[in-house]
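S.K.: Pasting a structure here, questions to come.
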Amino acid sequence: MIRRYCDVHKNVWPEVMEGQKQVGILDMQIFRRGTHVFMIMDTVDDFDFERDMSRLATLPRQAEWEAYVAKAQGSDPTLPSHKKWRLMEKIFELEK
């Protein structure tokens with residue numbers, strides 16, 4: 001399943017990437033270690049995770065993408081992205 005998840009992300013749909021930019025995501029990186037994935041998002045200063053990820057879910061092809069990726073995540077395809085990912089507290093940054 002994790003291999004499929006990685007393969008899916010080799011060809012992210014252009015509408016999905018454009019939608020991410022529209023809601024204030026400047027850059028996104030996903031890392032994998034075994035069966036765990038970790039995402040880093042660089043966003044605009046006033047980005048609100050729940051609000052903006054909820055807005056993202058309404059943009060073209062986003063719901064379709066979430067359902068497609070859910071098959072590789074083993075998650076409920078009806079869950080929006082902000083319910084699958086959890087925020088973490090940053091405790092260190094080398095450069096600011």
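Chain lettering (A, B, ...) mirrors the order of the structure tokens, residue numbering begins at 1 for each chain separately, and ligand numbering begins at 1 in order of display.
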Per residue of stretch 7-28 of chain A within 9 Å of stretch 40-55 of chain A, note the shortest atom pair and the distance in Å to one decimal, counting only C-alpha atoms, and order the rows by chain and increasing residue number, as CSV.
M.R.:
```
residue,atom,partner,partner_atom,distance
A:Gln20,CA,A:Met53,CA,8.5
A:Lys21,CA,A:Thr43,CA,8.9
A:Val23,CA,A:Asp52,CA,5.8
A:Gly24,CA,A:Val44,CA,5.3
A:Ile25,CA,A:Thr43,CA,4.4
A:Leu26,CA,A:Thr43,CA,5.0
A:Asp27,CA,A:Asp42,CA,5.0
A:Met28,CA,A:Met41,CA,4.4
```
S.K.: Considering only C-alpha atoms, return as a PDB file with N, CA, C and O atoms, in the first residue's frame whatever protein or nucleic-acid residues lie within 8 Å of A:Glu66, sequence-local ones (same chain, fewer than 5 positions apart) excluded.
M.R.:
```
ATOM      1  N   PRO A  77     -12.236   7.219   2.271  1.00  0.00           N
ATOM      2  CA  PRO A  77     -12.170   8.143   1.138  1.00  0.00           C
ATOM      3  C   PRO A  77     -13.059   9.378   1.292  1.00  0.00           C
ATOM      4  O   PRO A  77     -12.896  10.339   0.552  1.00  0.00           O
ATOM      5  N   PRO A  80     -11.825  14.463   4.558  1.00  0.00           N
ATOM      6  CA  PRO A  80     -11.033  15.504   3.902  1.00  0.00           C
ATOM      7  C   PRO A  80      -9.585  15.449   4.394  1.00  0.00           C
ATOM      8  O   PRO A  80      -9.281  14.868   5.433  1.00  0.00           O
ATOM      9  N   SER A  81      -8.716  16.065   3.642  1.00  0.00           N
ATOM     10  CA  SER A  81      -7.283  16.037   3.933  1.00  0.00           C
ATOM     11  C   SER A  81      -6.956  16.524   5.344  1.00  0.00           C
ATOM     12  O   SER A  81      -6.093  15.971   6.017  1.00  0.00           O
TER      13      SER A  81
END
```
S.K.: Just checking: using only C-alpha atoms, which residue out of A:Lys96, A:Arg32, A:Lys90, A:Arg3 ends up closest to A:Val69?
M.R.: A:Arg3
S.K.: Let's see if you can do this: from backbone DSSP, list all alpha helix (DSSP H) residues in chain A, as a ChimeraX atom specification.
M.R.: /A:2-8,14-22,49-56,62-73,81-84
S.K.: Which residues are near A:Lys84? Cut-off 10 Å, only C-alpha atoms, ignore same chain within fewer than 2 positions. Put them as number ranges by chain.
M.R.: A: 70, 73, 75-76, 79-82, 86
S.K.: Using only C-alpha atoms, find the one residue out of A:Gly34, A:Val8, A:Met39, A:Glu18 that sits nearest to A:Ala67.
M.R.: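 The closest residue to A:Ala67 is A:Val8.
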S.K.: Can you measure atom CA of A:Gly74 to atom CA of A:Arg4 for me? One decimal in Å is fine.
M.R.: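 So the answer is 10.6 Å.
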S.K.: In Å, rounded to a single decimal, give me how far atom CA of A:Arg61 is from atom CA of A:Lys83.
M.R.: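 Atom-to-atom, atom CA of A:Lys83 and atom CA of A:Arg61 are spaced 18.1 Å apart.
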S.K.: Which one is closest to A:Trp85: A:Val37, A:Ala63, A:Met1, A:Leu56? Count only C-alpha atoms.
M.R.: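 For A:Trp85, the nearest of the candidates is A:Val37.
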